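K.L.:
I'm passing along target.cif; it holds mmCIF, C-alpha atoms and all ligand atoms.
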```cif
data_my_file
#
loop_
_atom_site.group_PDB
_atom_site.id
_atom_site.type_symbol
_atom_site.label_atom_id
_atom_site.label_comp_id
_atom_site.auth_asym_id
_atom_site.auth_seq_id
_atom_site.Cartn_x
_atom_site.Cartn_y
_atom_site.Cartn_z
ATOM 1 C CA MET A 1 4.877 18.052 48.456
ATOM 2 C CA LEU A 2 7.867 16.451 46.801
ATOM 3 C CA LEU A 3 6.101 13.108 46.881
ATOM 4 C CA ARG A 4 3.051 14.664 45.372
ATOM 5 C CA SER A 5 4.952 16.220 42.501
ATOM 6 C CA VAL A 6 6.759 12.939 41.877
ATOM 7 C CA ARG A 7 3.411 11.230 41.807
ATOM 8 C CA THR A 8 2.008 13.870 39.445
ATOM 9 C CA SER A 9 4.931 13.535 37.061
ATOM 10 C CA LEU A 10 4.682 9.766 37.179
ATOM 11 C CA TYR A 11 1.025 10.026 36.283
ATOM 12 C CA PHE A 12 1.886 12.438 33.498
ATOM 13 C CA ILE A 13 4.514 10.065 32.114
ATOM 14 C CA LEU A 14 2.056 7.174 32.195
ATOM 15 C CA VAL A 15 -0.569 9.218 30.353
ATOM 16 C CA LEU A 16 1.976 10.191 27.731
ATOM 17 C CA ALA A 17 3.101 6.584 27.344
ATOM 18 C CA ALA A 18 -0.481 5.409 26.841
ATOM 19 C CA ALA A 19 -1.161 8.163 24.312
ATOM 20 C CA ARG A 20 1.821 7.243 22.102
ATOM 21 C CA PHE A 21 1.744 3.468 22.773
ATOM 22 C CA THR A 22 5.461 3.482 23.428
ATOM 23 C CA HIS A 23 5.224 -0.133 24.484
ATOM 24 C CA ALA A 24 2.686 -2.757 23.407
ATOM 25 C CA ASP A 25 1.836 -3.596 27.017
ATOM 26 C CA THR A 26 0.857 -0.018 27.795
ATOM 27 C CA ILE A 27 -2.217 -0.162 25.532
ATOM 28 C CA PRO A 28 -4.921 -0.177 28.188
ATOM 29 C CA ASP A 29 -7.760 -1.513 26.100
ATOM 30 C CA LEU A 30 -7.441 -3.000 22.655
ATOM 31 C CA GLY A 31 -10.673 -1.523 21.249
ATOM 32 C CA THR A 32 -9.620 1.967 22.345
ATOM 33 C CA GLY A 33 -6.092 1.429 21.013
ATOM 34 C CA ILE A 34 -7.489 0.487 17.579
ATOM 35 C CA GLN A 35 -9.873 3.459 17.453
ATOM 36 C CA GLU A 36 -7.190 5.949 18.502
ATOM 37 C CA THR A 37 -4.736 4.560 15.969
ATOM 38 C CA LEU A 38 -7.302 4.770 13.164
ATOM 39 C CA GLN A 39 -8.373 8.289 14.152
ATOM 40 C CA SER A 40 -4.773 9.423 14.011
ATOM 41 C CA LEU A 41 -4.664 8.227 10.382
ATOM 42 C CA GLN A 42 -7.849 9.992 9.273
ATOM 43 C CA PRO A 43 -7.870 12.183 6.144
ATOM 44 C CA ALA A 44 -8.156 15.390 8.203
ATOM 45 C CA GLU A 45 -4.597 14.802 9.363
ATOM 46 C CA TRP A 46 -3.183 14.062 5.960
ATOM 47 C CA ASN A 47 -0.757 16.584 4.629
ATOM 48 C CA GLN A 48 0.593 16.725 1.168
ATOM 49 C CA ILE A 49 4.345 16.833 0.813
ATOM 50 C CA ASN A 50 6.593 16.787 -2.165
ATOM 51 C CA ALA A 51 9.470 14.370 -1.967
ATOM 52 C CA GLY A 52 11.693 15.496 -4.813
ATOM 53 C CA ARG A 53 10.270 14.673 -8.231
ATOM 54 C CA HIS A 54 7.706 12.221 -6.886
ATOM 55 C CA PRO A 55 4.581 13.509 -5.220
ATOM 56 C CA ALA A 56 3.866 11.879 -1.849
ATOM 57 C CA LEU A 57 1.186 11.935 0.787
ATOM 58 C CA THR A 58 1.889 11.513 4.482
ATOM 59 C CA ILE A 59 -0.876 10.202 6.706
ATOM 60 C CA GLY A 60 -0.884 10.663 10.447
ATOM 61 C CA GLY A 61 2.567 12.219 10.150
ATOM 62 C CA ARG A 62 4.205 8.789 9.901
ATOM 63 C CA ILE A 63 3.092 6.692 6.900
ATOM 64 C CA THR A 64 4.249 7.914 3.499
ATOM 65 C CA ILE A 65 2.522 7.014 0.234
ATOM 66 C CA GLU A 66 4.700 7.523 -2.837
ATOM 67 C CA GLY A 67 4.158 7.405 -6.579
ATOM 68 C CA CYS A 68 0.544 6.182 -6.372
ATOM 69 C CA GLN A 69 -1.126 8.494 -8.915
ATOM 70 C CA SER A 70 -2.347 5.428 -10.903
ATOM 71 C CA TYR A 71 -3.617 3.373 -7.947
ATOM 72 C CA PRO A 72 -5.486 1.112 -8.230
ATOM 73 C CA TYR A 73 -6.543 0.632 -11.882
ATOM 74 C CA HIS A 74 -4.918 3.452 -13.881
ATOM 75 C CA ASP A 75 -8.200 5.299 -14.357
ATOM 76 C CA ASN A 76 -7.924 8.318 -12.037
ATOM 77 C CA ASN A 77 -8.939 11.690 -13.398
ATOM 78 C CA SER A 78 -6.694 13.632 -11.046
ATOM 79 C CA GLU A 79 -3.148 13.065 -9.875
ATOM 80 C CA GLU A 80 -4.000 13.174 -6.179
ATOM 81 C CA LEU A 81 -6.883 10.703 -6.292
ATOM 82 C CA GLY A 82 -4.750 7.536 -6.328
ATOM 83 C CA PHE A 83 -2.938 8.569 -3.134
ATOM 84 C CA HIS A 84 -6.205 9.249 -1.337
ATOM 85 C CA ARG A 85 -7.702 5.974 -2.546
ATOM 86 C CA LEU A 86 -4.740 4.033 -1.214
ATOM 87 C CA ALA A 87 -4.849 5.856 2.130
ATOM 88 C CA SER A 88 -8.531 5.060 2.505
ATOM 89 C CA ASP A 89 -8.045 1.376 1.512
ATOM 90 C CA LEU A 90 -5.253 1.124 4.080
ATOM 91 C CA VAL A 91 -7.340 2.622 6.889
ATOM 92 C CA ALA A 92 -10.376 0.479 5.959
ATOM 93 C CA GLY A 93 -8.182 -2.639 5.918
ATOM 94 C CA LEU A 94 -6.604 -1.801 9.274
ATOM 95 C CA GLN A 95 -9.999 -1.186 10.817
ATOM 96 C CA GLN A 96 -11.492 -4.505 9.716
ATOM 97 C CA GLY A 97 -8.297 -6.503 10.217
ATOM 98 C CA LEU A 98 -7.328 -5.169 13.649
ATOM 99 C CA GLN A 99 -10.879 -5.563 14.984
ATOM 100 C CA CYS A 100 -10.884 -9.149 13.737
ATOM 101 C CA MET A 101 -7.455 -10.024 15.200
ATOM 102 C CA ALA A 102 -8.497 -8.467 18.495
ATOM 103 C CA GLY A 103 -11.617 -10.679 18.565
ATOM 104 C CA LEU A 104 -13.947 -7.671 18.264
ATOM 105 C CA GLY A 105 -15.174 -8.430 14.728
ATOM 106 C CA PRO A 106 -18.142 -10.476 13.504
ATOM 107 C CA MET A 107 -16.051 -13.675 13.490
ATOM 108 C CA GLY A 108 -15.770 -13.566 17.276
ATOM 109 C CA ARG A 109 -12.879 -14.138 19.603
ATOM 110 C CA LEU A 110 -9.762 -15.735 18.202
ATOM 111 C CA HIS A 111 -7.023 -17.250 20.339
ATOM 112 C CA PRO A 112 -5.308 -14.600 22.587
ATOM 113 C CA TYR A 113 -2.123 -15.121 20.521
ATOM 114 C CA HIS A 114 -3.798 -12.936 17.878
ATOM 115 C CA GLU A 115 -4.858 -10.266 20.371
ATOM 116 C CA GLN A 116 -1.180 -9.988 21.174
ATOM 117 C CA ASN A 117 -0.449 -9.620 17.455
ATOM 118 C CA ALA A 118 -3.046 -6.827 17.267
ATOM 119 C CA ARG A 119 -1.177 -5.087 20.114
ATOM 120 C CA ARG A 120 2.152 -5.543 18.330
ATOM 121 C CA LEU A 121 0.686 -4.097 15.157
ATOM 122 C CA ILE A 122 -0.787 -1.072 16.943
ATOM 123 C CA TYR A 123 2.571 -0.509 18.597
ATOM 124 C CA LEU A 124 4.327 -0.691 15.238
ATOM 125 C CA LEU A 125 1.817 1.633 13.546
ATOM 126 C CA ASN A 126 2.352 4.215 16.272
ATOM 127 C CA ASP A 127 6.104 4.085 16.658
ATOM 128 C CA ASP A 128 8.593 6.359 14.949
ATOM 129 C CA SER A 129 10.018 3.838 12.474
ATOM 130 C CA GLY A 130 9.612 4.792 8.817
ATOM 131 C CA LYS A 131 6.674 3.284 6.925
ATOM 132 C CA VAL A 132 6.401 3.630 3.181
ATOM 133 C CA LEU A 133 3.792 2.415 0.706
ATOM 134 C CA ARG A 134 5.264 2.802 -2.768
ATOM 135 C CA CYS A 135 3.450 2.161 -6.031
ATOM 136 C CA VAL A 136 5.351 0.684 -8.966
ATOM 137 C CA GLU A 137 4.232 -0.299 -12.462
ATOM 138 C CA ASP A 138 5.073 -3.655 -14.019
ATOM 139 C CA ARG A 139 7.981 -4.362 -11.677
ATOM 140 C CA THR A 140 7.014 -7.316 -9.468
ATOM 141 C CA PHE A 141 5.511 -10.776 -9.922
ATOM 142 C CA ALA A 142 3.015 -10.133 -7.133
ATOM 143 C CA TYR A 143 0.139 -7.705 -6.488
ATOM 144 C CA ALA A 144 2.200 -6.299 -3.649
ATOM 145 C CA VAL A 145 5.366 -7.141 -1.751
ATOM 146 C CA ALA A 146 6.123 -6.245 1.872
ATOM 147 C CA HIS A 147 9.534 -5.795 3.422
ATOM 148 C CA PRO A 148 9.754 -5.574 7.201
ATOM 149 C CA ALA A 149 12.502 -3.201 8.347
ATOM 150 C CA GLU A 150 15.772 -5.135 8.332
ATOM 151 C CA ALA A 151 17.572 -2.947 10.835
ATOM 152 C CA PRO A 152 16.447 -0.544 13.541
ATOM 153 C CA GLY A 153 15.803 2.812 11.908
ATOM 154 C CA ALA A 154 15.224 1.294 8.441
ATOM 155 C CA ASP A 155 11.821 1.699 6.778
ATOM 156 C CA ASN A 156 9.058 -0.875 6.725
ATOM 157 C CA GLU A 157 8.078 -0.896 3.088
ATOM 158 C CA ILE A 158 5.279 -2.146 0.854
ATOM 159 C CA LEU A 159 5.596 -2.142 -2.934
ATOM 160 C CA ILE A 160 2.251 -2.138 -4.710
ATOM 161 C CA ASP A 161 2.318 -3.072 -8.385
ATOM 162 C CA THR A 162 -0.595 -1.301 -10.057
ATOM 163 C CA TYR A 163 -0.080 -3.367 -13.235
ATOM 164 C CA ARG A 164 -0.603 -6.624 -11.332
ATOM 165 C CA ILE A 165 -3.541 -5.231 -9.338
ATOM 166 C CA SER A 166 -5.192 -4.015 -12.549
ATOM 167 C CA GLY A 167 -4.668 -7.355 -14.272
ATOM 168 C CA PHE A 168 -2.702 -5.673 -17.064
ATOM 169 C CA LEU A 169 -0.478 -7.699 -19.330
ATOM 170 C CA SER A 170 3.182 -6.966 -18.648
ATOM 171 C CA ARG A 171 5.063 -4.824 -21.131
ATOM 172 C CA LYS A 172 8.270 -6.676 -20.465
ATOM 173 C CA PHE A 173 7.881 -9.664 -22.800
ATOM 174 C CA ASP A 174 9.371 -9.709 -26.271
ATOM 175 C CA ARG A 175 7.220 -9.339 -29.366
ATOM 176 C CA ALA A 176 7.345 -13.047 -30.202
ATOM 177 C CA THR A 177 5.752 -13.893 -26.812
ATOM 178 C CA TYR A 178 2.832 -11.503 -27.413
ATOM 179 C CA ARG A 179 2.360 -12.968 -30.885
ATOM 180 C CA ASP A 180 2.815 -16.698 -30.172
ATOM 181 C CA PHE A 181 1.745 -17.094 -26.571
ATOM 182 C CA PHE A 182 -0.903 -14.380 -26.140
ATOM 183 C CA ASN A 183 -2.077 -14.514 -29.788
ATOM 184 C CA LEU A 184 -1.982 -10.734 -30.219
ATOM 185 C CA SER A 185 -2.003 -9.166 -33.673
ATOM 186 C CA GLU A 186 0.802 -6.774 -34.678
ATOM 187 C CA PRO A 187 -1.373 -3.610 -34.299
ATOM 188 C CA LEU A 188 -2.506 -4.794 -30.862
ATOM 189 C CA ILE A 189 1.087 -5.456 -29.791
ATOM 190 C CA GLU A 190 1.984 -1.945 -30.941
ATOM 191 C CA ASP A 191 -0.948 -0.469 -28.958
ATOM 192 C CA HIS A 192 -0.036 -2.444 -25.875
ATOM 193 C CA LEU A 193 3.582 -1.313 -25.928
ATOM 194 C CA THR A 194 2.990 2.340 -26.746
ATOM 195 C CA GLY A 195 -0.516 3.181 -25.501
ATOM 196 C CA LYS A 196 -2.567 1.944 -22.546
ATOM 197 C CA PRO A 197 -1.553 -1.590 -21.483
ATOM 198 C CA LEU A 198 -3.985 -4.408 -22.288
ATOM 199 C CA HIS A 199 -6.197 -6.039 -19.698
ATOM 200 C CA VAL A 200 -6.440 -9.629 -20.970
ATOM 201 C CA ASP A 201 -8.879 -12.408 -20.055
ATOM 202 C CA GLY A 202 -7.644 -14.740 -17.374
ATOM 203 C CA MET A 203 -5.611 -12.092 -15.592
ATOM 204 C CA HIS A 204 -7.037 -11.246 -12.229
ATOM 205 C CA ARG A 205 -7.969 -7.715 -11.175
ATOM 206 C CA TYR A 206 -7.685 -7.481 -7.381
ATOM 207 C CA ARG A 207 -10.958 -6.221 -5.909
ATOM 208 C CA LYS A 208 -10.704 -6.479 -2.121
ATOM 209 C CA LEU A 209 -7.986 -3.863 -1.840
ATOM 210 C CA PRO A 210 -8.413 -3.141 1.916
ATOM 211 C CA ALA A 211 -7.817 -6.883 2.464
ATOM 212 C CA LEU A 212 -4.666 -6.731 0.329
ATOM 213 C CA MET A 213 -3.342 -3.717 2.261
ATOM 214 C CA PHE A 214 -3.964 -5.424 5.589
ATOM 215 C CA HIS A 215 -2.324 -8.603 4.298
ATOM 216 C CA GLU A 216 0.842 -6.665 3.441
ATOM 217 C CA VAL A 217 0.932 -4.777 6.735
ATOM 218 C CA THR A 218 0.769 -8.050 8.700
ATOM 219 C CA HIS A 219 4.001 -9.103 6.925
ATOM 220 C CA TRP A 220 5.623 -6.239 8.873
ATOM 221 C CA LEU A 221 5.153 -8.378 11.988
ATOM 222 C CA GLY A 222 7.758 -10.721 10.499
ATOM 223 C CA TYR A 223 5.545 -13.496 9.081
ATOM 224 C CA GLU A 224 6.367 -15.051 5.737
ATOM 225 C CA HIS A 225 4.305 -17.378 3.570
ATOM 226 C CA THR A 226 4.706 -21.068 4.267
ATOM 227 C CA ASN A 227 2.738 -24.269 4.202
ATOM 228 C CA LEU A 228 5.024 -26.088 6.648
ATOM 229 C CA THR A 229 3.306 -24.394 9.574
ATOM 230 C CA ALA A 230 0.481 -21.910 10.133
ATOM 231 C CA ASP A 231 0.542 -19.168 7.467
ATOM 232 C CA VAL A 232 -0.574 -16.375 9.778
ATOM 233 C CA VAL A 233 -0.824 -13.708 7.054
ATOM 234 C CA ASP A 234 -3.038 -15.821 4.780
ATOM 235 C CA LEU A 235 -5.174 -17.003 7.692
ATOM 236 C CA TYR A 236 -5.870 -13.406 8.733
ATOM 237 C CA GLU A 237 -6.812 -12.364 5.221
ATOM 238 C CA THR A 238 -9.110 -15.378 4.710
ATOM 239 C CA CYS A 239 -10.791 -15.156 8.132
ATOM 240 C CA CYS A 240 -11.045 -11.379 8.473
ATOM 241 C CA PHE A 241 -11.952 -10.518 4.855
ATOM 242 C CA ALA A 242 -14.447 -13.208 3.880
ATOM 243 C CA GLY A 243 -12.373 -15.701 1.936
ATOM 244 C CA SER A 244 -10.290 -15.244 -1.186
ATOM 245 C CA ASP A 245 -10.286 -12.486 -3.800
ATOM 246 C CA HIS A 246 -9.875 -15.214 -6.426
ATOM 247 C CA ILE A 247 -13.224 -16.864 -5.609
ATOM 248 C CA SER A 248 -16.409 -15.104 -6.687
ATOM 249 C CA ASP A 249 -18.907 -17.544 -5.106
ATOM 250 C CA ALA A 250 -19.890 -16.043 -1.726
ATOM 251 C CA ALA A 251 -21.052 -19.350 -0.210
ATOM 252 C CA ILE A 252 -17.768 -21.093 -1.049
ATOM 253 C CA ASN A 253 -15.874 -18.119 0.352
ATOM 254 C CA ARG A 254 -17.866 -18.268 3.594
ATOM 255 C CA GLY A 255 -16.888 -21.897 4.036
ATOM 256 C CA PHE A 256 -13.187 -21.083 3.647
ATOM 257 C CA GLN A 257 -13.562 -18.070 5.927
ATOM 258 C CA GLN A 258 -15.056 -20.226 8.686
ATOM 259 C CA ARG A 259 -12.306 -22.801 8.365
ATOM 260 C CA ALA A 260 -9.598 -20.115 8.590
ATOM 261 C CA CYS A 261 -11.251 -18.555 11.663
ATOM 262 C CA GLY A 262 -11.596 -22.016 13.201
ATOM 263 C CA ILE A 263 -7.839 -22.524 12.822
ATOM 264 C CA LEU A 264 -7.169 -19.088 14.378
ATOM 265 C CA LYS A 265 -9.309 -20.104 17.365
ATOM 266 C CA ASP A 266 -7.703 -23.519 17.949
ATOM 267 C CA PRO A 267 -6.143 -23.423 21.457
ATOM 268 C CA ASP A 268 -3.860 -26.450 20.816
ATOM 269 C CA LEU A 269 -2.248 -24.831 17.793
ATOM 270 C CA TRP A 270 -1.554 -21.378 19.254
ATOM 271 C CA GLN A 271 -0.390 -22.372 22.681
ATOM 272 C CA ALA A 272 2.085 -24.860 21.135
ATOM 273 C CA ASN A 273 5.727 -23.945 20.608
ATOM 274 C CA GLN A 274 6.983 -23.562 17.045
ATOM 275 C CA SER A 275 7.976 -27.176 16.527
ATOM 276 C CA ASN A 276 4.746 -28.593 17.947
ATOM 277 C CA ARG A 277 2.735 -26.097 15.927
ATOM 278 C CA LYS A 278 4.407 -27.479 12.821
ATOM 279 C CA LYS A 279 3.407 -31.029 13.823
ATOM 280 C CA LEU A 280 -0.185 -30.006 14.606
ATOM 281 C CA TRP A 281 -0.417 -28.160 11.276
ATOM 282 C CA TYR A 282 0.056 -31.565 9.659
ATOM 283 C CA SER A 283 -1.751 -33.869 12.044
ATOM 284 C CA LYS A 284 -4.860 -31.654 12.006
ATOM 285 C CA ARG A 285 -4.599 -31.433 8.209
ATOM 286 C CA TYR A 286 -4.778 -27.636 8.266
ATOM 287 C CA TYR A 287 -2.269 -27.495 5.396
ATOM 288 C CA ARG A 288 -5.086 -28.578 3.094
ATOM 289 C CA LEU A 289 -6.914 -25.251 3.351
ATOM 290 C CA LYS A 290 -4.550 -23.285 1.112
ATOM 291 C CA ARG A 291 -4.528 -26.051 -1.486
ATOM 292 C CA GLU A 292 -8.333 -26.229 -1.544
ATOM 293 C CA ILE A 293 -8.656 -22.443 -1.851
ATOM 294 C CA ARG A 294 -6.312 -22.543 -4.835
ATOM 295 C CA LYS A 295 -8.359 -25.337 -6.422
ATOM 296 C CA ALA A 296 -11.631 -23.434 -5.935
ATOM 297 C CA SER A 297 -10.265 -20.239 -7.501
ATOM 298 C CA ASP A 298 -12.123 -18.874 -10.555
HETATM 299 ZN ZN ZN B 301 1.896 -12.025 1.316
#
```
Could you rewrite the structure in this file as structure tokens?
Ligand SMILES: [Zn+2]
P.N.:
Amino acid sequence: MLLRSVRTSLYFILVLAAARFTHADTIPDLGTGIQETLQSLQPAEWNQINAGRHPALTIGGRITIEGCQSYPYHDNNSEELGFHRLASDLVAGLQQGLQCMAGLGPMGRLHPYHEQNARRLIYLLNDDSGKVLRCVEDRTFAYAVAHPAEAPGADNEILIDTYRISGFLSRKFDRATYRDFFNLSEPLIEDHLTGKPLHVDGMHRYRKLPALMFHEVTHWLGYEHTNLTADVVDLYETCCFAGSDHISDAAINRGFQQRACGILKDPDLWQANQSNRKKLWYSKRYYRLKREIRKASD
């Protein structure tokens, strides 16, 4: 009887552990883990909260979206819409990206190293650490910036700059720069600084926003950009989201996508230790990919 109740409680504990993914290894099946994680982030479970002066939206009870009324392109007709758009871009990005990392997407199986990363990401998305997506305007030099939590208990954060995403000209230059460098007339400078910011030619408006959200979330795994060894974050975005947002030609993008997926499948590269991976990155000339993508950009 005692044995039986011990066994029952053990079973119960195991079921609980699997349901909350308290450890990456307890995820029984990756496909199921992805689906359950995504379902727990569905709109039906969103609840609106009010964090002080800034409105916020919490999804799945654990990811907070703050200050995103203008996301993505400053053209929302209601204050809530931007928050919901960001939540749906995030979930869409996680769906496509996690499936791809797990080898369940159209690009086929990658090296098991990336399945393990998919498990780590599911674990992170389900744990109790704070996760915040915060929109800012005209504050960064990038479309978005991710900060993995620096200490246990600290928040994982993503800053999304809706000025950069929209391709708006910054309002932070001085008048002489607008006049001499951007060739703007005085009335236009006045409009830009006091009315709606200008969207000038040559400044990119980011279109594949689910890809951008997934890109930022993969930084939470601790990867930074580099060309001295495999740039895991860039490789995932290029392989899992059909090339680069800066290239409009679909055929060229497909070529880059296949090359990125090929690198993610290479057994030599992913079973190597860090220092050998660095050597292989050079000897196999994989470092060229990023350079060529930049060259082919519109
Ligand atoms: Zn990045």
K.L.:
Find the residues near Arg259 (chain A): any atom within 10 Å, counting only C-alpha atoms, skip ones fewer than 2 places away on the same chain, and give them as a count of residues only.
P.N.:
16
K.L.:
Here's the selection I'm unsure about, the PyMOL selection byres (((not hetatm)) within 10 of (chain B and resi 301)); applied to the file above, which residues does it give, as a ChimeraX atom specification?
P.N.:
/A:142-146,212-219,223-226,231-234,237
K.L.:
Could you state the separation of CA of Pro187 (chain A) and CA of Ser170 (chain A) in Å, given to one decimal place?
P.N.:
16.6 Å
K.L.:
For a quick check of your reading of the model, name the residues lying within 12 Å of the coordinate (-11.1, -4.1, 9.5), counting only C-alpha atoms, and write them as a PDB file with C-alpha atoms, in the coordinates of the input.
P.N.:
```
ATOM      1  CA  ILE A  34      -7.489   0.487  17.579  1.00  0.00           C
ATOM      2  CA  GLN A  35      -9.873   3.459  17.453  1.00  0.00           C
ATOM      3  CA  LEU A  38      -7.302   4.770  13.164  1.00  0.00           C
ATOM      4  CA  SER A  88      -8.531   5.060   2.505  1.00  0.00           C
ATOM      5  CA  ASP A  89      -8.045   1.376   1.512  1.00  0.00           C
ATOM      6  CA  LEU A  90      -5.253   1.124   4.080  1.00  0.00           C
ATOM      7  CA  VAL A  91      -7.340   2.622   6.889  1.00  0.00           C
ATOM      8  CA  ALA A  92     -10.376   0.479   5.959  1.00  0.00           C
ATOM      9  CA  GLY A  93      -8.182  -2.639   5.918  1.00  0.00           C
ATOM     10  CA  LEU A  94      -6.604  -1.801   9.274  1.00  0.00           C
ATOM     11  CA  GLN A  95      -9.999  -1.186  10.817  1.00  0.00           C
ATOM     12  CA  GLN A  96     -11.492  -4.505   9.716  1.00  0.00           C
ATOM     13  CA  GLY A  97      -8.297  -6.503  10.217  1.00  0.00           C
ATOM     14  CA  LEU A  98      -7.328  -5.169  13.649  1.00  0.00           C
ATOM     15  CA  GLN A  99     -10.879  -5.563  14.984  1.00  0.00           C
ATOM     16  CA  CYS A 100     -10.884  -9.149  13.737  1.00  0.00           C
ATOM     17  CA  MET A 101      -7.455 -10.024  15.200  1.00  0.00           C
ATOM     18  CA  ALA A 102      -8.497  -8.467  18.495  1.00  0.00           C
ATOM     19  CA  GLY A 103     -11.617 -10.679  18.565  1.00  0.00           C
ATOM     20  CA  LEU A 104     -13.947  -7.671  18.264  1.00  0.00           C
ATOM     21  CA  GLY A 105     -15.174  -8.430  14.728  1.00  0.00           C
ATOM     22  CA  PRO A 106     -18.142 -10.476  13.504  1.00  0.00           C
ATOM     23  CA  MET A 107     -16.051 -13.675  13.490  1.00  0.00           C
ATOM     24  CA  ALA A 118      -3.046  -6.827  17.267  1.00  0.00           C
ATOM     25  CA  LYS A 208     -10.704  -6.479  -2.121  1.00  0.00           C
ATOM     26  CA  LEU A 209      -7.986  -3.863  -1.840  1.00  0.00           C
ATOM     27  CA  PRO A 210      -8.413  -3.141   1.916  1.00  0.00           C
ATOM     28  CA  ALA A 211      -7.817  -6.883   2.464  1.00  0.00           C
ATOM     29  CA  LEU A 212      -4.666  -6.731   0.329  1.00  0.00           C
ATOM     30  CA  MET A 213      -3.342  -3.717   2.261  1.00  0.00           C
ATOM     31  CA  PHE A 214      -3.964  -5.424   5.589  1.00  0.00           C
ATOM     32  CA  HIS A 215      -2.324  -8.603   4.298  1.00  0.00           C
ATOM     33  CA  TYR A 236      -5.870 -13.406   8.733  1.00  0.00           C
ATOM     34  CA  GLU A 237      -6.812 -12.364   5.221  1.00  0.00           C
ATOM     35  CA  CYS A 239     -10.791 -15.156   8.132  1.00  0.00           C
ATOM     36  CA  CYS A 240     -11.045 -11.379   8.473  1.00  0.00           C
ATOM     37  CA  PHE A 241     -11.952 -10.518   4.855  1.00  0.00           C
ATOM     38  CA  ALA A 242     -14.447 -13.208   3.880  1.00  0.00           C
TER      39      ALA A 242
END
```
K.L.:
Do you know which residues the PyMOL selection byres (((chain A and resi 70-85) around 12) and not hetatm) returns on this file, as a ChimeraX atom specification?
P.N.:
/A:41-44,46-50,54-59,63-69,86-92,133-137,143-144,159-168,196-199,204-210,212-213
K.L.:
Just give me the gap between CA of Arg179 (chain A) and CA of Phe141 (chain A) in Å, one decimal is fine.
P.N.:
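We find that CA of Arg179 (chain A) and CA of Phe141 (chain A) lie 21.3 Å from each other.
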K.L.:
Can you spell out as an mmCIF file with C-alpha atoms, in the frame of the given file the set of residues that the PyMOL selection byres (((chain A and resi 246) around 8) and not hetatm) selects in the structure I just provided?
P.N.:
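File produced: part-v9.cif:
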```cif
data_model
loop_
_atom_site.group_PDB
_atom_site.id
_atom_site.type_symbol
_atom_site.label_atom_id
_atom_site.label_comp_id
_atom_site.auth_asym_id
_atom_site.auth_seq_id
_atom_site.Cartn_x
_atom_site.Cartn_y
_atom_site.Cartn_z
ATOM 1 C CA HIS A 204 -7.037 -11.246 -12.229
ATOM 2 C CA SER A 244 -10.290 -15.244 -1.186
ATOM 3 C CA ASP A 245 -10.286 -12.486 -3.800
ATOM 4 C CA ILE A 247 -13.224 -16.864 -5.609
ATOM 5 C CA SER A 248 -16.409 -15.104 -6.687
ATOM 6 C CA SER A 297 -10.265 -20.239 -7.501
ATOM 7 C CA ASP A 298 -12.123 -18.874 -10.555
#
```
K.L.:
Can you pull out every residue within 7 Å of Lys278 (chain A), counting only C-alpha atoms, but drop anything in the same chain fewer than 4 positions away, and send it as a ChimeraX atom specification?
P.N.:
/A:228-229,274,282
K.L.:
Distance CA of Gln258 (chain A)-CA of Leu221 (chain A), one decimal place?
P.N.:
23.7 Å
K.L.:
Between A:Asp249, A:Ala260, A:Gln116, A:Asp128, which residue has the minimum interatomic distance to Pro152 (chain A), considering only C-alpha atoms?
P.N.:
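The shortest atom-to-atom distance to Pro152 (chain A) comes from A:Asp128.
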K.L.:
Between A:Trp281, A:Ala296, A:Glu36, A:Tyr287, which one has atoms that come closest to Ile122 (chain A), using all atoms listed in the file?
P.N.:
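Of A:Trp281, A:Ala296, A:Glu36, A:Tyr287, the one nearest Ile122 (chain A) is A:Glu36, counting all atoms listed in the file.
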K.L.:
Can you list, as a PyMOL selection string, every protein, DNA or RNA residue that comes within 10 Å of Ala149 (chain A) when you count all atoms listed in the file, leaving out same-chain residues fewer than 6 positions away?
P.N.:
chain A and resi 129-131+155-157+220-222
K.L.:
For region 223-230 of chain A, supply N, CA and C atoms and report the output as a CSV table (one decimal), in the frame of the given file.
P.N.:
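Wrote it out as rebuild_23.csv, contents follow:
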```csv
chain,number,residue,atom,x,y,z
A,223,TYR,N,6.0,-12.2,9.6
A,223,TYR,CA,5.5,-13.5,9.1
A,223,TYR,C,5.8,-13.6,7.6
A,224,GLU,N,6.2,-14.8,7.2
A,224,GLU,CA,6.4,-15.1,5.7
A,224,GLU,C,5.4,-16.2,5.3
A,225,HIS,N,5.2,-16.3,4.0
A,225,HIS,CA,4.3,-17.4,3.6
A,225,HIS,C,5.0,-18.7,3.7
A,226,THR,N,4.2,-19.7,4.1
A,226,THR,CA,4.7,-21.1,4.3
A,226,THR,C,3.5,-22.0,4.3
A,227,ASN,N,3.8,-23.3,3.9
A,227,ASN,CA,2.7,-24.3,4.2
A,227,ASN,C,3.3,-25.4,5.1
A,228,LEU,N,4.4,-25.1,5.7
A,228,LEU,CA,5.0,-26.1,6.6
A,228,LEU,C,4.5,-25.9,8.1
A,229,THR,N,3.9,-24.7,8.3
A,229,THR,CA,3.3,-24.4,9.6
A,229,THR,C,2.2,-23.3,9.3
A,230,ALA,N,1.6,-22.9,10.3
A,230,ALA,CA,0.5,-21.9,10.1
A,230,ALA,C,0.9,-20.7,9.3
```
